[in-house]
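Pasting target-v2.cif here (mmCIF, C-alpha atoms):
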data_coords
loop_
_atom_site.group_PDB
_atom_site.id
_atom_site.type_symbol
_atom_site.label_atom_id
_atom_site.label_comp_id
_atom_site.auth_asym_id
_atom_site.auth_seq_id
_atom_site.Cartn_x
_atom_site.Cartn_y
_atom_site.Cartn_z
ATOM 1 C CA MET I 1 -44.959 -62.854 -154.440
ATOM 2 C CA ARG I 2 -46.469 -60.125 -152.279
ATOM 3 C CA ARG I 3 -46.771 -62.454 -149.291
ATOM 4 C CA HIS I 4 -43.182 -63.629 -149.674
ATOM 5 C CA LEU I 5 -41.897 -60.029 -149.658
ATOM 6 C CA THR I 6 -43.898 -59.188 -146.527
ATOM 7 C CA ALA I 7 -42.495 -62.190 -144.689
ATOM 8 C CA ALA I 8 -38.971 -61.229 -145.612
ATOM 9 C CA LEU I 9 -39.469 -57.707 -144.344
ATOM 10 C CA ALA I 10 -40.909 -59.048 -141.154
ATOM 11 C CA ALA I 11 -37.927 -61.297 -140.671
ATOM 12 C CA ALA I 12 -35.595 -58.363 -141.255
ATOM 13 C CA PHE I 13 -37.505 -56.264 -138.678
ATOM 14 C CA ILE I 14 -37.297 -58.968 -136.069
ATOM 15 C CA THR I 15 -33.590 -59.302 -136.661
ATOM 16 C CA VAL I 16 -32.960 -55.578 -136.320
ATOM 17 C CA ALA I 17 -35.165 -55.260 -133.255
ATOM 18 C CA SER I 18 -33.468 -58.166 -131.607
ATOM 19 C CA ALA I 19 -30.104 -56.630 -132.254
ATOM 20 C CA GLY I 20 -31.265 -53.407 -130.563
ATOM 21 C CA CYS I 21 -32.051 -55.291 -127.338
ATOM 22 C CA GLY I 22 -28.495 -56.439 -126.831
ATOM 23 C CA THR I 23 -26.398 -55.298 -123.852
ATOM 24 C CA PRO I 24 -24.499 -52.104 -124.723
ATOM 25 C CA ALA I 25 -20.780 -52.056 -124.174
ATOM 26 C CA GLY I 26 -19.726 -51.116 -120.644
ATOM 27 C CA THR I 27 -23.012 -52.131 -118.970
ATOM 28 C CA ASP I 28 -24.068 -55.214 -117.034
ATOM 29 C CA GLY I 29 -27.685 -55.393 -118.174
ATOM 30 C CA ASP I 30 -29.024 -54.761 -114.648
ATOM 31 C CA LEU I 31 -30.974 -51.525 -114.700
ATOM 32 C CA ALA I 32 -31.814 -51.506 -110.983
ATOM 33 C CA ASP I 33 -28.277 -51.034 -109.715
ATOM 34 C CA ASP I 34 -27.518 -48.076 -111.988
ATOM 35 C CA TRP I 35 -29.995 -45.607 -110.373
ATOM 36 C CA ARG I 36 -28.530 -43.027 -108.040
ATOM 37 C CA PRO I 37 -30.010 -43.298 -104.527
ATOM 38 C CA MET I 38 -32.521 -40.566 -103.652
ATOM 39 C CA ALA I 39 -31.319 -37.929 -101.186
ATOM 40 C CA GLN I 40 -32.538 -38.441 -97.629
ATOM 41 C CA ALA I 41 -35.512 -36.234 -96.747
ATOM 42 C CA LYS I 42 -34.554 -33.386 -94.409
ATOM 43 C CA GLN I 43 -36.795 -31.886 -91.744
ATOM 44 C CA PHE I 44 -37.255 -28.129 -91.857
ATOM 45 C CA SER I 45 -35.343 -26.316 -89.129
ATOM 46 C CA PRO I 46 -34.733 -22.578 -88.551
ATOM 47 C CA GLN I 47 -31.213 -21.233 -88.072
ATOM 48 C CA ALA I 48 -29.602 -19.135 -85.366
ATOM 49 C CA GLY I 49 -28.807 -15.649 -86.627
ATOM 50 C CA GLU I 50 -32.105 -15.221 -88.449
ATOM 51 C CA CYS I 51 -34.554 -12.411 -87.710
ATOM 52 C CA HIS I 52 -38.315 -12.467 -88.144
ATOM 53 C CA VAL I 53 -41.157 -10.000 -88.571
ATOM 54 C CA ILE I 54 -43.712 -12.340 -86.955
ATOM 55 C CA PRO I 55 -43.330 -12.392 -83.142
ATOM 56 C CA GLU I 56 -45.592 -15.358 -82.243
ATOM 57 C CA PRO I 57 -43.857 -17.878 -79.945
ATOM 58 C CA THR I 58 -44.794 -20.896 -82.101
ATOM 59 C CA ALA I 59 -42.903 -21.452 -85.350
ATOM 60 C CA TYR I 60 -45.043 -22.422 -88.328
ATOM 61 C CA LEU I 61 -43.444 -23.284 -91.654
ATOM 62 C CA SER I 62 -46.241 -21.421 -93.460
ATOM 63 C CA SER I 63 -45.148 -18.144 -91.830
ATOM 64 C CA TYR I 64 -41.397 -18.760 -91.988
ATOM 65 C CA ALA I 65 -39.908 -15.761 -93.779
ATOM 66 C CA PRO I 66 -36.576 -14.767 -92.168
ATOM 67 C CA VAL I 67 -35.089 -11.353 -92.923
ATOM 68 C CA ASP I 68 -31.632 -9.851 -92.646
ATOM 69 C CA CYS I 69 -31.169 -8.699 -89.043
ATOM 70 C CA ALA I 70 -29.834 -5.388 -90.360
ATOM 71 C CA LYS I 71 -33.367 -4.710 -91.637
ATOM 72 C CA THR I 72 -36.469 -3.940 -89.579
ATOM 73 C CA HIS I 73 -37.715 -6.953 -87.626
ATOM 74 C CA LEU I 74 -39.400 -7.933 -84.366
ATOM 75 C CA VAL I 75 -37.522 -10.963 -83.005
ATOM 76 C CA GLU I 76 -34.032 -12.411 -83.418
ATOM 77 C CA THR I 77 -33.247 -16.127 -83.138
ATOM 78 C CA PHE I 78 -29.976 -16.580 -81.249
ATOM 79 C CA HIS I 79 -30.131 -20.340 -80.657
ATOM 80 C CA VAL I 80 -31.929 -23.409 -82.032
ATOM 81 C CA GLY I 81 -32.120 -26.364 -79.645
ATOM 82 C CA THR I 82 -33.605 -29.858 -79.658
ATOM 83 C CA PHE I 83 -36.211 -31.401 -77.378
ATOM 84 C CA THR I 84 -34.911 -34.617 -75.835
ATOM 85 C CA GLY I 85 -36.019 -37.322 -73.411
ATOM 86 C CA ALA I 86 -39.595 -37.306 -72.141
ATOM 87 C CA LEU I 87 -40.360 -33.990 -73.832
ATOM 88 C CA ALA I 88 -39.368 -35.360 -77.241
ATOM 89 C CA ALA I 89 -41.532 -38.447 -76.668
ATOM 90 C CA ARG I 90 -44.708 -36.412 -76.290
ATOM 91 C CA SER I 91 -47.390 -36.693 -78.957
ATOM 92 C CA ALA I 92 -47.516 -32.902 -79.355
ATOM 93 C CA PRO I 93 -45.179 -30.019 -78.528
ATOM 94 C CA PRO I 94 -45.561 -28.533 -75.030
ATOM 95 C CA THR I 95 -47.310 -25.182 -74.976
ATOM 96 C CA VAL I 96 -45.121 -22.154 -74.328
ATOM 97 C CA GLU I 97 -46.827 -21.376 -71.006
ATOM 98 C CA SER I 98 -46.736 -24.915 -69.605
ATOM 99 C CA ALA I 99 -44.617 -26.197 -66.731
ATOM 100 C CA ALA I 100 -42.946 -28.585 -69.183
ATOM 101 C CA MET I 101 -41.421 -25.639 -71.056
ATOM 102 C CA ARG I 102 -39.760 -24.018 -68.036
ATOM 103 C CA ALA I 103 -36.569 -26.058 -68.353
ATOM 104 C CA ILE I 104 -36.367 -25.036 -72.009
ATOM 105 C CA PHE I 105 -36.885 -21.382 -71.056
ATOM 106 C CA THR I 106 -34.018 -21.722 -68.563
ATOM 107 C CA ASP I 107 -31.780 -22.938 -71.388
ATOM 108 C CA CYS I 108 -32.727 -19.944 -73.544
ATOM 109 C CA ASP I 109 -32.291 -17.605 -70.552
ATOM 110 C CA THR I 110 -28.712 -18.790 -69.998
ATOM 111 C CA ARG I 111 -27.816 -18.621 -73.673
ATOM 112 C CA ALA I 112 -29.360 -15.141 -73.976
ATOM 113 C CA LYS I 113 -26.972 -13.808 -71.335
ATOM 114 C CA ASP I 114 -24.037 -15.104 -73.359
ATOM 115 C CA PHE I 115 -25.503 -13.664 -76.552
ATOM 116 C CA VAL I 116 -26.061 -10.110 -75.296
ATOM 117 C CA GLY I 117 -22.987 -10.061 -73.070
ATOM 118 C CA GLY I 118 -24.716 -9.833 -69.695
ATOM 119 C CA GLU I 119 -28.027 -10.072 -67.849
ATOM 120 C CA TRP I 120 -30.650 -9.372 -70.541
ATOM 121 C CA ARG I 121 -33.182 -8.303 -67.899
ATOM 122 C CA SER I 122 -30.982 -5.288 -67.123
ATOM 123 C CA ALA I 123 -32.060 -3.874 -70.478
ATOM 124 C CA ARG I 124 -35.307 -3.355 -72.357
ATOM 125 C CA LEU I 125 -35.182 -6.913 -73.670
ATOM 126 C CA SER I 126 -37.242 -10.054 -73.407
ATOM 127 C CA VAL I 127 -36.691 -13.709 -74.279
ATOM 128 C CA GLN I 128 -39.128 -16.338 -75.505
ATOM 129 C CA VAL I 129 -39.111 -19.965 -76.626
ATOM 130 C CA ALA I 130 -40.729 -20.763 -79.989
ATOM 131 C CA PRO I 131 -41.313 -24.527 -80.409
ATOM 132 C CA THR I 132 -42.060 -26.180 -83.716
ATOM 133 C CA SER I 133 -45.712 -26.219 -84.751
ATOM 134 C CA PRO I 134 -48.000 -29.199 -83.974
ATOM 135 C CA ALA I 135 -47.873 -30.188 -87.654
ATOM 136 C CA GLY I 136 -44.087 -30.049 -87.674
ATOM 137 C CA TRP I 137 -43.981 -32.089 -84.472
ATOM 138 C CA ALA I 138 -46.212 -34.746 -86.032
ATOM 139 C CA GLY I 139 -43.768 -34.862 -88.956
ATOM 140 C CA GLY I 140 -40.842 -35.589 -86.659
ATOM 141 C CA SER I 141 -39.409 -32.141 -85.900
ATOM 142 C CA ARG I 142 -38.214 -31.631 -82.317
ATOM 143 C CA TRP I 143 -36.514 -28.230 -82.458
ATOM 144 C CA TYR I 144 -37.205 -25.022 -80.579
ATOM 145 C CA ARG I 145 -36.062 -21.461 -81.206
ATOM 146 C CA CYS I 146 -34.652 -19.119 -78.573
ATOM 147 C CA ASP I 147 -35.758 -15.612 -79.580
ATOM 148 C CA ILE I 148 -34.855 -12.232 -78.123
ATOM 149 C CA PHE I 149 -36.512 -8.893 -78.767
ATOM 150 C CA GLU I 150 -36.633 -5.266 -77.690
ATOM 151 C CA LEU I 151 -39.371 -3.949 -75.412
ATOM 152 C CA ASP I 152 -41.126 -0.633 -75.564
ATOM 153 C CA GLU I 153 -39.426 2.112 -73.537
ATOM 154 C CA VAL I 154 -42.478 2.636 -71.324
ATOM 155 C CA ASP I 155 -44.170 -0.744 -71.064
ATOM 156 C CA GLY I 156 -40.875 -2.634 -70.884
ATOM 157 C CA ALA I 157 -39.733 -0.591 -67.898
ATOM 158 C CA ASN I 158 -43.065 -1.101 -66.195
ATOM 159 C CA GLY I 159 -42.869 -4.872 -66.572
ATOM 160 C CA ASP I 160 -46.548 -5.274 -67.443
ATOM 161 C CA THR I 161 -46.127 -6.483 -71.019
ATOM 162 C CA ASP I 162 -43.747 -8.445 -73.187
ATOM 163 C CA ARG I 163 -44.700 -6.867 -76.524
ATOM 164 C CA ALA I 164 -41.915 -6.780 -79.109
ATOM 165 C CA ILE I 165 -41.249 -3.535 -80.978
ATOM 166 C CA HIS I 166 -39.628 -3.047 -84.369
ATOM 167 C CA ARG I 167 -35.869 -2.563 -84.478
ATOM 168 C CA ALA I 168 -32.994 -2.925 -86.941
ATOM 169 C CA GLY I 169 -29.656 -4.532 -86.106
ATOM 170 C CA THR I 170 -28.599 -7.525 -84.055
ATOM 171 C CA LEU I 171 -28.785 -7.610 -80.271
ATOM 172 C CA ARG I 172 -25.513 -9.507 -79.982
ATOM 173 C CA ASN I 173 -23.418 -7.905 -77.185
ATOM 174 C CA ALA I 174 -26.149 -5.294 -76.661
ATOM 175 C CA VAL I 175 -25.637 -5.408 -72.871
ATOM 176 C CA GLY I 176 -21.871 -5.906 -72.850
ATOM 177 C CA GLY I 177 -21.311 -2.147 -72.878
ATOM 178 C CA ARG I 178 -23.501 0.690 -71.717
ATOM 179 C CA SER I 179 -26.241 1.192 -74.287
ATOM 180 C CA PRO I 180 -29.556 3.055 -74.574
ATOM 181 C CA LEU I 181 -31.300 -0.263 -73.928
ATOM 182 C CA THR I 182 -29.933 -0.755 -70.406
ATOM 183 C CA TYR I 183 -31.829 0.479 -67.375
ATOM 184 C CA GLY I 184 -30.291 3.254 -65.292
ATOM 185 C CA CYS I 185 -31.767 6.244 -63.497
ATOM 186 C CA MET I 186 -35.497 6.835 -63.826
ATOM 187 C CA ASN I 187 -38.515 8.853 -62.811
ATOM 188 C CA GLU I 188 -42.117 7.809 -62.421
ATOM 189 C CA ASP I 189 -44.643 9.476 -64.707
ATOM 190 C CA GLU I 190 -48.250 10.330 -63.856
ATOM 191 C CA TRP I 191 -49.412 6.816 -64.825
ATOM 192 C CA GLY I 192 -46.912 5.088 -62.536
ATOM 193 C CA ARG I 193 -44.594 4.083 -65.367
ATOM 194 C CA LEU I 194 -40.825 4.350 -64.989
ATOM 195 C CA ARG I 195 -39.194 6.523 -67.631
ATOM 196 C CA PRO I 196 -35.447 6.956 -68.279
ATOM 197 C CA ALA I 197 -33.694 9.997 -66.793
ATOM 198 C CA GLY I 198 -30.107 11.166 -66.808
ATOM 199 C CA CYS I 199 -28.332 10.258 -63.580
ATOM 200 C CA THR I 200 -27.003 13.832 -63.262
ATOM 201 C CA THR I 201 -30.530 15.228 -63.523
ATOM 202 C CA ALA I 202 -33.154 15.096 -60.778
ATOM 203 C CA HIS I 203 -34.505 11.553 -60.398
ATOM 204 C CA GLN I 204 -35.910 9.210 -57.756
ATOM 205 C CA TYR I 205 -35.198 5.693 -59.038
ATOM 206 C CA GLU I 206 -32.191 3.699 -60.211
ATOM 207 C CA TYR I 207 -32.045 0.125 -61.445
ATOM 208 C CA VAL I 208 -29.824 -2.034 -59.192
ATOM 209 C CA GLY I 209 -30.227 -5.641 -60.359
ATOM 210 C CA ILE I 210 -32.303 -8.802 -60.614
ATOM 211 C CA TRP I 211 -33.708 -10.946 -57.820
ATOM 212 C CA THR I 212 -34.780 -14.468 -58.804
ATOM 213 C CA ALA I 213 -38.161 -15.187 -57.214
ATOM 214 C CA PRO I 214 -39.234 -18.658 -55.997
ATOM 215 C CA ASP I 215 -41.118 -20.894 -58.408
ATOM 216 C CA ARG I 216 -44.738 -20.278 -57.477
ATOM 217 C CA SER I 217 -47.908 -18.858 -58.948
ATOM 218 C CA TYR I 218 -47.943 -15.333 -60.310
ATOM 219 C CA GLN I 219 -50.729 -14.393 -57.908
ATOM 220 C CA ASP I 220 -48.642 -15.511 -54.928
ATOM 221 C CA ALA I 221 -45.659 -13.525 -56.212
ATOM 222 C CA VAL I 222 -47.756 -10.372 -56.564
ATOM 223 C CA ARG I 223 -48.928 -10.674 -52.967
ATOM 224 C CA ASP I 224 -45.473 -11.273 -51.498
ATOM 225 C CA GLU I 225 -44.143 -7.722 -51.165
ATOM 226 C CA ALA I 226 -42.765 -8.621 -47.733
ATOM 227 C CA ALA I 227 -40.196 -10.926 -49.358
ATOM 228 C CA ILE I 228 -39.415 -8.884 -52.469
ATOM 229 C CA HIS I 229 -38.540 -5.563 -50.826
ATOM 230 C CA PRO I 230 -35.872 -7.060 -48.481
ATOM 231 C CA ALA I 231 -34.393 -8.932 -51.462
ATOM 232 C CA CYS I 232 -34.208 -5.688 -53.431
ATOM 233 C CA ARG I 233 -32.638 -3.861 -50.479
ATOM 234 C CA THR I 234 -29.861 -6.448 -50.504
ATOM 235 C CA LEU I 235 -29.228 -5.591 -54.164
ATOM 236 C CA VAL I 236 -29.178 -1.867 -53.339
ATOM 237 C CA ALA I 237 -26.555 -2.506 -50.636
ATOM 238 C CA ARG I 238 -24.368 -4.441 -53.064
ATOM 239 C CA TYR I 239 -24.807 -1.849 -55.833
ATOM 240 C CA ALA I 240 -24.175 1.202 -53.629
ATOM 241 C CA LYS I 241 -21.516 -0.452 -51.436
ATOM 242 C CA VAL I 242 -23.257 0.123 -48.101
ATOM 243 C CA PRO I 243 -23.582 -2.332 -45.182
ATOM 244 C CA ASN I 244 -26.373 -4.883 -45.499
ATOM 245 C CA ASP I 245 -27.445 -4.636 -41.876
ATOM 246 C CA ALA I 246 -30.413 -3.611 -39.749
ATOM 247 C CA ASN I 247 -29.899 0.044 -40.717
ATOM 248 C CA LEU I 248 -30.229 -0.620 -44.452
ATOM 249 C CA ARG I 249 -33.971 0.074 -44.415
ATOM 250 C CA TYR I 250 -33.168 3.574 -43.107
ATOM 251 C CA ARG I 251 -30.790 4.251 -45.993
ATOM 252 C CA THR I 252 -32.938 3.348 -48.968
ATOM 253 C CA GLY I 253 -36.381 2.740 -50.307
ATOM 254 C CA THR I 254 -37.005 0.115 -52.977
ATOM 255 C CA ALA I 255 -39.285 -0.504 -55.929
ATOM 256 C CA TYR I 256 -39.575 -3.518 -58.189
ATOM 257 C CA ARG I 257 -41.166 -4.805 -61.377
ATOM 258 C CA LEU I 258 -42.271 -8.404 -61.834
ATOM 259 C CA PRO I 259 -42.076 -10.075 -65.245
ATOM 260 C CA SER I 260 -45.310 -9.853 -67.218
ATOM 261 C CA PRO I 261 -47.902 -12.575 -66.469
ATOM 262 C CA ASN I 262 -47.116 -14.174 -69.838
ATOM 263 C CA LEU I 263 -43.375 -14.282 -69.155
ATOM 264 C CA TRP I 264 -43.978 -15.618 -65.657
ATOM 265 C CA ALA I 265 -46.061 -18.450 -67.119
ATOM 266 C CA ARG I 266 -43.229 -19.196 -69.566
ATOM 267 C CA GLY I 267 -40.737 -19.592 -66.729
ATOM 268 C CA ASP I 268 -39.212 -16.150 -66.114
ATOM 269 C CA ARG I 269 -38.692 -15.491 -62.393
ATOM 270 C CA GLY I 270 -36.437 -12.450 -62.686
ATOM 271 C CA VAL I 271 -37.698 -9.468 -60.651
ATOM 272 C CA ARG I 272 -36.168 -6.086 -61.574
ATOM 273 C CA CYS I 273 -35.179 -4.146 -58.445
ATOM 274 C CA TYR I 274 -34.742 -0.360 -58.119
ATOM 275 C CA PHE I 275 -33.378 2.042 -55.551
ATOM 276 C CA TRP I 276 -36.072 4.545 -54.538
ATOM 277 C CA SER I 277 -35.125 7.817 -52.895
ATOM 278 C CA GLY I 278 -38.344 7.956 -50.883
ATOM 279 C CA GLY I 279 -39.605 11.044 -52.687
ATOM 280 C CA GLU I 280 -36.551 13.271 -52.668
ATOM 281 C CA THR I 281 -34.675 13.789 -55.890
ATOM 282 C CA VAL I 282 -30.998 12.966 -56.349
ATOM 283 C CA LYS I 283 -28.621 14.105 -59.087
ATOM 284 C CA ARG I 284 -26.028 11.355 -59.158
ATOM 285 C CA SER I 285 -25.895 7.594 -59.455
ATOM 286 C CA ILE I 286 -25.756 5.699 -56.170
ATOM 287 C CA ALA I 287 -23.415 3.107 -57.730
ATOM 288 C CA ASN I 288 -20.418 2.532 -55.436
ATOM 289 C CA GLY I 289 -21.338 5.705 -53.556
ATOM 290 C CA GLY I 290 -21.143 4.187 -50.079
ATOM 291 C CA PRO I 291 -22.682 5.675 -46.905
ATOM 292 C CA ALA I 292 -21.958 9.215 -48.117
ATOM 293 C CA VAL I 293 -24.543 8.750 -50.877
ATOM 294 C CA LEU I 294 -26.948 6.629 -48.803
ATOM 295 C CA PRO I 295 -26.690 7.937 -45.229
ATOM 296 C CA ILE I 296 -28.913 6.641 -42.432
ATOM 297 C CA ARG I 297 -32.044 8.794 -42.275
#
Would you write the structure of this file as structure tokens?
Amino acid sequence: MRRHLTAALAAAFITVASAGCGTPAGTDGDLADDWRPMAQAKQFSPQAGECHVIPEPTAYLSSYAPVDCAKTHLVETFHVGTFTGALAARSAPPTVESAAMRAIFTDCDTRAKDFVGGEWRSARLSVQVAPTSPAGWAGGSRWYRCDIFELDEVDGANGDTDRAIHRAGTLRNAVGGRSPLTYGCMNEDEWGRLRPAGCTTAHQYEYVGIWTAPDRSYQDAVRDEAAIHPACRTLVARYAKVPNDANLRYRTGTAYRLPSPNLWARGDRGVRCYFWSGGETVKRSIANGGPAVLPIR
């Protein structure tokens, strides 16, 4: 009797279990086609309009911590581009000071002018390219950041460093109108550094523009004063509206500042040119002044 009851219960269990394995209403019994497809994996990429407190020109995901540009920061990303062609096919990202990066720097240079509303070198500003890290490159990333930042008032004017300083606020259109960042009239301090001065106060120097130097070594550029001074005199003539002729050297002296060695290695060939009074002080801008302001001496 006990064995008969157990068999009956077993039969009932099998019947119930079998009923539970039936195909529910509204399904086709194929589990595989009912899963939602997984989202495609996305590569990390920074965004234009972000600001950063870490100024290094290589972008590591581990140090990626963008901040609001209205808050204190060191660099501002104004464009994110993509490596293409032979550069993208490399096994590792090009280093920021390699010849391979100069075309990328040129792209950032051009875009920086649009971003700030004029020639960024006419202000205490600098531009750098920040490629993805080697690990990111190995994972398939091919982006680079174009960053811009403010230079120190002293070192930036002297052209011997490209160190970023803390600031708050975007640099968008920073050069479009006259601003405290743009170079103007200056005096040389006891250490040979150019410091800002009011153009209606006694001064000896005035920024007149940028000359683009040939693509050569930094050491060769440093030695080539004979080419740089005539190029800067041409800029003085254009700025002051005086004839660019054989008498120009008797109207004006010139001074210049090369980009820092680091910036030169990254592709910057913009030489800042200045009018120099020759030692006398002047109390007005030479801009558009003509021969009355720069007579033959």
Inset, instruction - Starting from the displayed file, determine the output of the PyMOL selection byres ((chain I and resi 219-234) around 10) and express the residue list as a PyMOL selection string. - result: chain I and resi 208-218+235-239+242-245+248-249+251-258+261+264+269+271-276
Legend entry - Residues matched by the PyMOL selection byres ((chain I and resi 277) around 12), written as a count of residues only: 34
Legend entry - Hits of the PyMOL selection byres ((chain I and resi 90-100) around 6) in this structure, as a list in words: Leu87, Ala88, Ala89, Met101, Arg102, Pro134, Ala265 and Arg266 of chain I
Inset, instruction - Quick one: pull the distance between CA of Cys51 in chain I and CA of Val67 in chain I, Å, one decimal. - result: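 The value is 5.3 Å.
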Legend entry - Pick from I:Val129, I:Ala48, I:Ala65, I:Ala70 nearest to Ala168 in chain I, counting all atoms listed in the file: I:Ala70
Inset, instruction - Could you jot down the CA of Thr182 in chain I to CA of Ile54 in chain I separation for me, Å, one decimal place? - result: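 Between CA of Thr182 in chain I and CA of Ile54 in chain I the gap is 24.5 Å.
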Inset, instruction - Determine the nearest neighbour of Cys146 in chain I from the options I:Gly192, I:Gly85, I:Pro66, I:Gly49, counting only C-alpha atoms. - result: I:Gly49
Legend entry - Atomic separation - CA of Asn262 in chain I relative to CA of Pro180 in chain I, Å: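 So the two atoms, CA of Pro180 in chain I and CA of Asn262 in chain I, lie 25.1 Å apart.
You can rank I:Asp268, I:Asp162, I:Glu50, I:Asp189 by their closest distance to Arg124 in chain I using all atoms listed in the file, and at the top of that list sits I:Asp162.
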Legend entry - Shortest interatomic distance to Leu74 in chain I - which of I:Phe115, I:Phe149, I:Tyr144, I:Trp137, counting all atoms listed in the file: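 Nearest candidate to Leu74 in chain I out of I:Phe115, I:Phe149, I:Tyr144, I:Trp137: I:Phe149.
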